[in-house]
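Before any comments, here is the structure.
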2 protein chains.
Amino acid sequence: MAGTRRRGAGRGRPTLEEVAARAGVGRGTVSRVINGSPRVSDRTRVAVQRAVAELGYVPNRVARALAADRADAVALVIPEPETRLFAEPYFSDIIRGVGAGLADTDLQLLLTLIRTPKERQRFADYLAAHRVDGVLLVSVHADDPLPDLLERIEIPAVLSGRRSAHESVAYVDSDNTGGARAAVAHLVERGRTTVATITGPLDMYVAQCRVDGYRDALRAAGREVDPALAVAADFTEEGGRRAMRELLARRPDLDAVFAASDVMAAGARQVLREQGRRVPEDVALVGFEDSAVARHMDPPLTSVRQATEEMGRAMARVLLEEIEGGAGRTAVPPRLVLPTELVARASS
Amino acid sequence: MAGTRRRGAGRGRPTLEEVAARAGVGRGTVSRVINGSPRVSDRTRVAVQRAVAELGYVPNRVARALAADRADAVALVIPEPETRLFAEPYFSDIIRGVGAGLADTDLQLLLTLIRTPKERQRFADYLAAHRVDGVLLVSVHADDPLPDLLERIEIPAVLSGRRSAHESVAYVDSDNTGGARAAVAHLVERGRTTVATITGPLDMYVAQCRVDGYRDALRAAGREVDPALAVAADFTEEGGRRAMRELLARRPDLDAVFAASDVMAAGARQVLREQGRRVPEDVALVGFEDSAVARHMDPPLTSVRQATEEMGRAMARVLLEEIEGGAGRTAVPPRLVLPTELVARASS
DNA sequence: GATCAATCTGGGAGCGCTCCCACACTGTCT
DNA sequence: AGACAGTGTGGGAGCGCTCCCAGATTGATC
């Protein structure tokens with residue numbers, strides 16, 4: 001529906017030209033004052049500012065965008081098949097962080113949901129239509145075509161998380177390996193001898209990292225890494241349940257589980273209860289993400305907290321730099337890994 | 001990867017003019033084809049469409065916005081002090097719904113977080129700067145100055161929820177009264193005799209409605225409404241705890257609680273456990289919202305589900321109509337109330 | 001064959017800004 | 001005195017589109 005016309009709601013509002021007339025100066029000068037150029041005498045500047053105030057002038061950003069070939073907006077892209085994301089605070093924290101990071105900028109934050117190839121195409125068109133100055137991409141899958149697209153059309157972009165160890169697009173990630181390591185070390189310290197893990201889908205780099213941390217910690221403690229103690233799931237509750245059953249079948253003697261996400265830990269917890277294992281007495285349980293789910297579990301779940309909001313903030317910062325950077329960019333895209341922190345609760 | 005930078009990554013991309021040249025027609029004609037005007041002969045249309053395809057032309061929406069005095073965007077405003085919202089699926093469902101509702105439109109969805117008066121001012125400037133065609137406002141408080149602002153500057157707007165029984169701005173709400181009524185009726189049917197309620201802040205209309213439903217249901221069942229059985233809280237977990245303690249102190253004989261939100265129900269549940277009351281054996285518990293919290297509680301919480309995503313979709317639809325409607329608007333703003341549904345689980 | 005409405009089409013005139021060039025003005029240095 | 005930087009400043013020329021008005025074309029009618 002190519003809309004009907006929304007007449008003049010905004011027409012009639014003062015323009016640059018009118019401000020200039022009122023201040024008795026030229027358009028160019030007003031523009032300079034508005035944009036904080038230093039090449040304006042104080043007297044003129046004051047005069048213009050008064051005119052602006054008196055007229056209640058607000059620059060028309062659409063006109064500015066057209067003239068300057070900028071969009072004054074960045075897109076935050078959320079791949080929606082990933083519904084999981086939405087249900088968890090992760091996503092909202094990212095948004096909040098990005099919002100904060102952009103707060104004293106003129107940049108508007110555009111939220112873009114992409115669930116279908118068709119929508120991806122639409123988004124590509126947006127980029128082409130010149131609607132954004134940069135892109136923030138949340139929760140990338142290894143096979144996501146979007147990062148490559150962004151790279152090809154050379155638009156500033158920042159990912160949250162990375163697709164692999166050698167990510168070519170700028171990213172902000174959290175220390176998944178370190179967090180997992182801390183979680184497992186904690187279990188070992190508490191005297192657990194048989195520590196199992198429920199991993200995420202191993203084609204996702206984040207899942208890979210968390211397994212690595214698990215192994216690192218065991219090795220560092222001089223333990224042997226038993227492949228039978230690792231079962232892959234898909235970051236869902238149901239996946240967590242299945243994996244837990246599998247683990248108990250394989251190794252009934254396990255006394256600790258490190259789940260690579262809180263939601264999977266919740267699934268595991270249900271199975272443990274069904275099978276009469278007490279948490280933490282019989283089996284200690286640790287999750288990852290420190291989401292609301294963790295706090296509401298019974299007993300409350302020990303988990304690895306990510307600085308999610310800070311990640312969002314960092315993404316904004318990095319993107320800003322990329323946009324600023326303009327022509328002469330460094331060859332290496334910025335990358336940032338934020339620390340994680342173990343939050344011990346009653347489940348371990 | 002070397003070479004020219006953004007400032008022009010978009011310049012150089014085909015324009016209307018070039019398409020016109022290639023198709024051997026005038027600018028106006030191409031514009032008509034692009035915008036689906038019927039006043040173009042089939043032959044011309046086809047020629048233009050071919051040129052568009054060959055050149056890979058994508059209209060520059062910024063230019064369009066300037067020329068047509070439209071923004072091709074709507075803002076979804078989220079009052080951020082309301083952090084609660086963010087932690088719950090409510091918010092994400094709304095977003096998803098709005099996204100879906102806007103899907104086959106040219107409208108871009110802008111997410112705007114407002115946490116401070118300063119940010120509110122910024123947003124007012126956005127509106128003035130003509131950046132959006134309409135506004136979606138989530139979770140309005142009775143004292144929120146935004147709806148009045150929107151009304152004053154006469155920009156199409158839709159609220160989720162309303163500020164009072166006679167809301168002057170268009171809104172989409174869910175049937176809070178009916179939902180509460182169903183919840184309490186359910187408790188009564190199950191043979192509960194002393195049904196208490198933990199309400200939201202009573203200056204919020206939504207809270208008011210849920211109390212009304214509670215009372216309706218009791219009266220319909222021929223029960224007397226005892227004011228001692230209602231305690232107000234603030235939709236937080238801590239508030240739920242406090243209210244539950246108060247209720248138990250007042251009426252140790254209560255055997256059911258209807259909490260006006262899941263989160264408050266979670267708080268209440270903790271206090272019940274502390275005080276040795278079993279759920280549902282001793283006290284039945286029902287929440288409202290059917291959020292993730294409800295499903296993860298122990299026992300899983302009976303709750304009232306809102307059609308949240310559908311609300312988002314409806315908001316988009318209503319806004320679209322308002323925007324289309326243009327200047328000559330009807331006196332009565334559109335209003336829509338969506339049904340709610342009781343989801344019975346083990347807690348009742 | 002002329003007339004007239006109905007339909008289609010080209011292109012001028014903006015939309016409100018930024019960019020940038022040219023033209024003042026200052027002083028300062030020969 | 002003239003030449004010469006160094007500042008400020010005005011305003012033309014777009015940015016890529018939509019609007020809308022004439023003008024061209026068509027076909028039907030007298």
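Letters A, B, ... mark the chains of the structure tokens in the order given; residue numbers begin at 1 per chain; ligand numbers begin at 1, in order shown.
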
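Those residues of chain B that fall within 7 Å of chain C when using only C-alpha atoms (C1' of nucleotides) read Gly26, Thr29, Arg39, Val40, Leu66 and Ala67 of chain B.
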
For chain D, work out the contacting residues on chain B at 12 Å, counting only C-alpha atoms (C1' of nucleotides), and write them as a short mmCIF file (atom, residue, chain, number, x, y, z; two decimals) with C-alpha atoms, in the first residue's frame.
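The result, stored in out24.cif:
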```
data_model
loop_
_atom_site.label_atom_id
_atom_site.label_comp_id
_atom_site.auth_asym_id
_atom_site.auth_seq_id
_atom_site.Cartn_x
_atom_site.Cartn_y
_atom_site.Cartn_z
CA GLY B 8 29.38 7.34 -1.89
CA GLY B 10 25.48 4.59 -2.29
CA ARG B 11 26.03 7.40 -4.67
CA GLY B 12 26.60 5.98 -8.04
CA ARG B 13 23.76 3.59 -7.57
CA PRO B 14 21.12 3.97 -10.30
CA THR B 15 18.56 6.71 -9.91
CA LEU B 16 15.08 7.22 -11.17
CA GLU B 17 16.46 9.39 -13.88
CA GLU B 18 18.75 6.71 -15.20
CA ARG B 27 10.90 10.46 -14.72
CA GLY B 28 7.28 10.84 -13.87
CA THR B 29 6.39 7.67 -15.67
CA VAL B 30 8.98 5.62 -13.85
CA SER B 31 7.79 7.05 -10.58
CA ARG B 32 4.27 6.01 -11.44
CA ILE B 34 7.34 2.19 -9.06
CA ASN B 35 4.44 3.36 -7.00
CA VAL B 58 16.23 0.44 -5.70
CA PRO B 59 14.37 3.65 -4.89
CA ASN B 60 16.13 5.94 -2.48
CA ARG B 61 13.70 6.17 0.34
CA VAL B 62 15.30 9.18 1.89
CA ALA B 63 14.67 11.16 -1.24
CA ARG B 64 11.18 9.83 -1.40
CA ALA B 65 10.54 10.76 2.18
CA LEU B 66 11.73 14.30 1.59
CA ALA B 67 9.77 14.84 -1.54
CA ALA B 68 6.58 13.25 -0.33
CA ASP B 69 6.77 14.52 3.19
CA ARG B 70 6.48 11.06 4.57
#
```

Problem - Spatial neighbours of Val74 (chain A), max dist 12 Å, only C-alpha atoms (C1' of nucleotides), sep filter under 3 positions, as a PyMOL selection string - result: (chain A and resi 70-71+77+98-99+101-102+105-112+126-127+130-137+155-158+315-316+319-320+322-323) or (chain B and resi 110-111)

Could the residues in this selection be written to a file with C-alpha atoms, as a PDB file, in the first residue's frame?
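What landed in out-v4.pdb:
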```
ATOM      1  CA  ARG A  70      23.899   9.856   5.422  1.00  0.00           C
ATOM      2  CA  ALA A  71      21.035   8.051   7.046  1.00  0.00           C
ATOM      3  CA  VAL A  77      19.265  -7.013  13.039  1.00  0.00           C
ATOM      4  CA  VAL A  98      23.094  -0.523  22.261  1.00  0.00           C
ATOM      5  CA  GLY A  99      20.532   2.092  23.137  1.00  0.00           C
ATOM      6  CA  GLY A 101      25.795   3.381  23.565  1.00  0.00           C
ATOM      7  CA  LEU A 102      23.949   5.384  20.988  1.00  0.00           C
ATOM      8  CA  THR A 105      24.547  10.358  19.213  1.00  0.00           C
ATOM      9  CA  ASP A 106      22.246  11.559  16.534  1.00  0.00           C
ATOM     10  CA  LEU A 107      21.871   8.030  15.350  1.00  0.00           C
ATOM     11  CA  GLN A 108      18.501   6.428  15.434  1.00  0.00           C
ATOM     12  CA  LEU A 109      18.262   2.763  16.264  1.00  0.00           C
ATOM     13  CA  LEU A 110      16.297   0.664  13.820  1.00  0.00           C
ATOM     14  CA  LEU A 111      15.135  -2.707  14.855  1.00  0.00           C
ATOM     15  CA  THR A 112      14.946  -5.227  12.072  1.00  0.00           C
ATOM     16  CA  TYR A 126      17.091  -1.270   2.729  1.00  0.00           C
ATOM     17  CA  LEU A 127      20.808  -1.220   2.795  1.00  0.00           C
ATOM     18  CA  HIS A 130      20.611   3.852   1.793  1.00  0.00           C
ATOM     19  CA  ARG A 131      18.679   3.829   4.917  1.00  0.00           C
ATOM     20  CA  VAL A 132      21.343   3.011   7.464  1.00  0.00           C
ATOM     21  CA  ASP A 133      24.893   3.992   8.201  1.00  0.00           C
ATOM     22  CA  GLY A 134      25.779   0.768   9.901  1.00  0.00           C
ATOM     23  CA  VAL A 135      24.518  -2.615  10.990  1.00  0.00           C
ATOM     24  CA  LEU A 136      24.543  -4.483  14.261  1.00  0.00           C
ATOM     25  CA  LEU A 137      23.964  -8.184  13.906  1.00  0.00           C
ATOM     26  CA  ILE A 155      28.888  -1.219   5.134  1.00  0.00           C
ATOM     27  CA  PRO A 156      30.142  -0.768   8.687  1.00  0.00           C
ATOM     28  CA  ALA A 157      28.965  -3.731  10.737  1.00  0.00           C
ATOM     29  CA  VAL A 158      29.493  -5.353  14.094  1.00  0.00           C
ATOM     30  CA  MET A 315      28.944  -2.975  19.854  1.00  0.00           C
ATOM     31  CA  ALA A 316      27.606   0.530  19.536  1.00  0.00           C
ATOM     32  CA  LEU A 319      30.230   0.586  15.130  1.00  0.00           C
ATOM     33  CA  LEU A 320      30.506   4.296  15.801  1.00  0.00           C
ATOM     34  CA  GLU A 322      33.807   2.236  12.086  1.00  0.00           C
ATOM     35  CA  ILE A 323      31.374   4.790  10.781  1.00  0.00           C
TER      36      ILE A 323
ATOM     37  CA  LEU B 110      11.996   2.194  14.791  1.00  0.00           C
ATOM     38  CA  LEU B 111      12.617   1.156  18.309  1.00  0.00           C
TER      39      LEU B 111
END
```

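Proximity to chain B was assessed for A:Arg192, A:Arg313, A:Lys118, A:Arg278 counting only C-alpha atoms; the smallest distance is recorded for A:Lys118.
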
Handout entry: Nearest to chain A, chosen from B:Leu336, B:Val195, B:Val48, B:Ile114, with only C-alpha atoms counted in the distances
Key =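 The closest residue to chain A is B:Ile114.
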
Handout entry: Spatial neighbours of Ala256 (chain B), max dist 8 Å, only C-alpha atoms (C1' of nucleotides), sep filter under 6 positions, as number ranges by chain
Key = B: 187, 192-196, 283-285

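The spacing separating CA of Gln275 (chain A) from CA of Arg245 (chain A) amounts to 9.1 Å.
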
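Take the candidates B:Arg120, B:Arg181, B:Arg242, B:Arg43 and check each one against chain A using only C-alpha atoms; the shortest distance goes to B:Arg120.
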
Exercise for the section: Pick out the closest residue to chain B from this set: A:Gly312, A:Pro339, A:Gly200, A:Gly267. Count only C-alpha atoms. Expected result: A:Gly267

Practice task
Write out as a list of chain:residue names each polymer residue whose atoms come within 9 Å of Arg215 (chain B), counting only C-alpha atoms (C1' of nucleotides); drop sequence neighbours fewer than 6 positions from it.
Solution key: B:Ala180, B:Arg181, B:Val184, B:Glu224, B:Val225

Expected file: the selected residues, N, CA and C atoms, as a short mmCIF file (atom, residue, chain, number, x, y, z; two decimals), in the first residue's frame:
```cif
data_model
loop_
_atom_site.label_atom_id
_atom_site.label_comp_id
_atom_site.auth_asym_id
_atom_site.auth_seq_id
_atom_site.Cartn_x
_atom_site.Cartn_y
_atom_site.Cartn_z
N ALA B 180 -9.13 -12.00 34.61
CA ALA B 180 -9.12 -12.12 36.06
C ALA B 180 -10.36 -12.89 36.52
N ARG B 181 -11.47 -12.56 35.88
CA ARG B 181 -12.72 -13.21 36.23
C ARG B 181 -12.58 -14.73 36.03
N VAL B 184 -10.35 -16.37 38.73
CA VAL B 184 -10.96 -16.50 40.05
C VAL B 184 -12.12 -17.52 40.01
N GLU B 224 -18.97 -13.31 49.18
CA GLU B 224 -18.81 -11.92 49.63
C GLU B 224 -17.38 -11.49 49.35
N VAL B 225 -17.19 -10.20 49.04
CA VAL B 225 -15.84 -9.71 48.75
C VAL B 225 -15.26 -9.08 50.00
#
```

Problem - helix (DSSP H, G or I) per DSSP on the backbone: members of region 13-60 of chain A, as JSON, numbers by chain - result: {"A": [16, 17, 18, 19, 20, 21, 22, 23, 27, 28, 29, 30, 31, 32, 33, 34, 42, 43, 44, 45, 46, 47, 48, 49, 50, 51, 52, 53, 54, 55]}

Same residues, N, CA and C atoms, saved as a CSV table (one decimal), in the first residue's frame:
```csv
chain,number,residue,atom,x,y,z
A,16,LEU,N,15.5,26.0,7.6
A,16,LEU,CA,16.8,26.7,7.7
A,16,LEU,C,16.7,28.1,7.1
A,17,GLU,N,16.1,28.2,6.0
A,17,GLU,CA,16.0,29.4,5.2
A,17,GLU,C,15.4,30.5,6.1
A,18,GLU,N,14.3,30.1,6.8
A,18,GLU,CA,13.6,31.1,7.6
A,18,GLU,C,14.4,31.6,8.8
A,19,VAL,N,15.2,30.6,9.3
A,19,VAL,CA,16.0,31.0,10.4
A,19,VAL,C,17.1,32.0,9.9
A,20,ALA,N,17.6,31.7,8.8
A,20,ALA,CA,18.6,32.5,8.2
A,20,ALA,C,18.1,33.9,8.0
A,21,ALA,N,16.9,34.0,7.4
A,21,ALA,CA,16.3,35.3,7.2
A,21,ALA,C,16.1,36.1,8.5
A,22,ARG,N,15.6,35.4,9.5
A,22,ARG,CA,15.4,36.0,10.8
A,22,ARG,C,16.7,36.5,11.4
A,23,ALA,N,17.7,35.7,11.3
A,23,ALA,CA,19.0,36.1,11.9
A,23,ALA,C,19.8,37.1,11.0
A,27,ARG,N,22.0,31.0,4.5
A,27,ARG,CA,21.7,29.6,4.8
A,27,ARG,C,23.0,28.9,5.3
A,28,GLY,N,24.0,29.1,4.5
A,28,GLY,CA,25.3,28.4,4.9
A,28,GLY,C,25.7,28.6,6.3
A,29,THR,N,25.6,29.9,6.7
A,29,THR,CA,26.0,30.2,8.1
A,29,THR,C,25.1,29.5,9.1
A,30,VAL,N,23.8,29.5,8.9
A,30,VAL,CA,23.0,28.8,9.9
A,30,VAL,C,23.4,27.3,9.9
A,31,SER,N,23.6,26.7,8.8
A,31,SER,CA,24.0,25.3,8.7
A,31,SER,C,25.2,25.1,9.5
A,32,ARG,N,26.2,26.0,9.4
A,32,ARG,CA,27.4,25.9,10.1
A,32,ARG,C,27.2,25.9,11.6
A,33,VAL,N,26.3,26.8,12.0
A,33,VAL,CA,26.0,27.0,13.5
A,33,VAL,C,25.4,25.7,14.0
A,34,ILE,N,24.4,25.2,13.3
A,34,ILE,CA,23.7,24.0,13.6
A,34,ILE,C,24.6,22.8,13.8
A,42,ASP,N,31.6,34.6,16.9
A,42,ASP,CA,30.7,34.5,18.0
A,42,ASP,C,29.4,35.3,17.9
A,43,ARG,N,29.6,36.5,17.4
A,43,ARG,CA,28.5,37.3,17.2
A,43,ARG,C,27.4,36.7,16.3
A,44,THR,N,27.8,36.2,15.2
A,44,THR,CA,26.9,35.6,14.3
A,44,THR,C,26.3,34.3,14.9
A,45,ARG,N,27.1,33.6,15.6
A,45,ARG,CA,26.6,32.3,16.2
A,45,ARG,C,25.5,32.6,17.2
A,46,VAL,N,25.7,33.6,18.0
A,46,VAL,CA,24.7,34.0,19.0
A,46,VAL,C,23.4,34.4,18.3
A,47,ALA,N,23.5,35.2,17.3
A,47,ALA,CA,22.4,35.7,16.6
A,47,ALA,C,21.6,34.5,16.0
A,48,VAL,N,22.3,33.6,15.4
A,48,VAL,CA,21.6,32.5,14.8
A,48,VAL,C,20.9,31.6,15.9
A,49,GLN,N,21.6,31.4,17.0
A,49,GLN,CA,21.0,30.6,18.0
A,49,GLN,C,19.8,31.2,18.6
A,50,ARG,N,19.8,32.6,18.6
A,50,ARG,CA,18.5,33.2,19.1
A,50,ARG,C,17.4,33.0,18.1
A,51,ALA,N,17.7,33.1,16.9
A,51,ALA,CA,16.7,32.9,15.8
A,51,ALA,C,16.1,31.5,15.9
A,52,VAL,N,17.1,30.5,16.1
A,52,VAL,CA,16.6,29.1,16.2
A,52,VAL,C,15.7,29.0,17.4
A,53,ALA,N,16.0,29.6,18.5
A,53,ALA,CA,15.2,29.4,19.7
A,53,ALA,C,13.9,30.1,19.5
A,54,GLU,N,13.9,31.3,19.0
A,54,GLU,CA,12.6,32.0,18.8
A,54,GLU,C,11.7,31.3,17.9
A,55,LEU,N,12.2,30.7,16.8
A,55,LEU,CA,11.4,30.0,15.8
A,55,LEU,C,11.1,28.6,16.2
```

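CA of Val293 (chain B) is found 22.3 Å from CA of Met204 (chain B).
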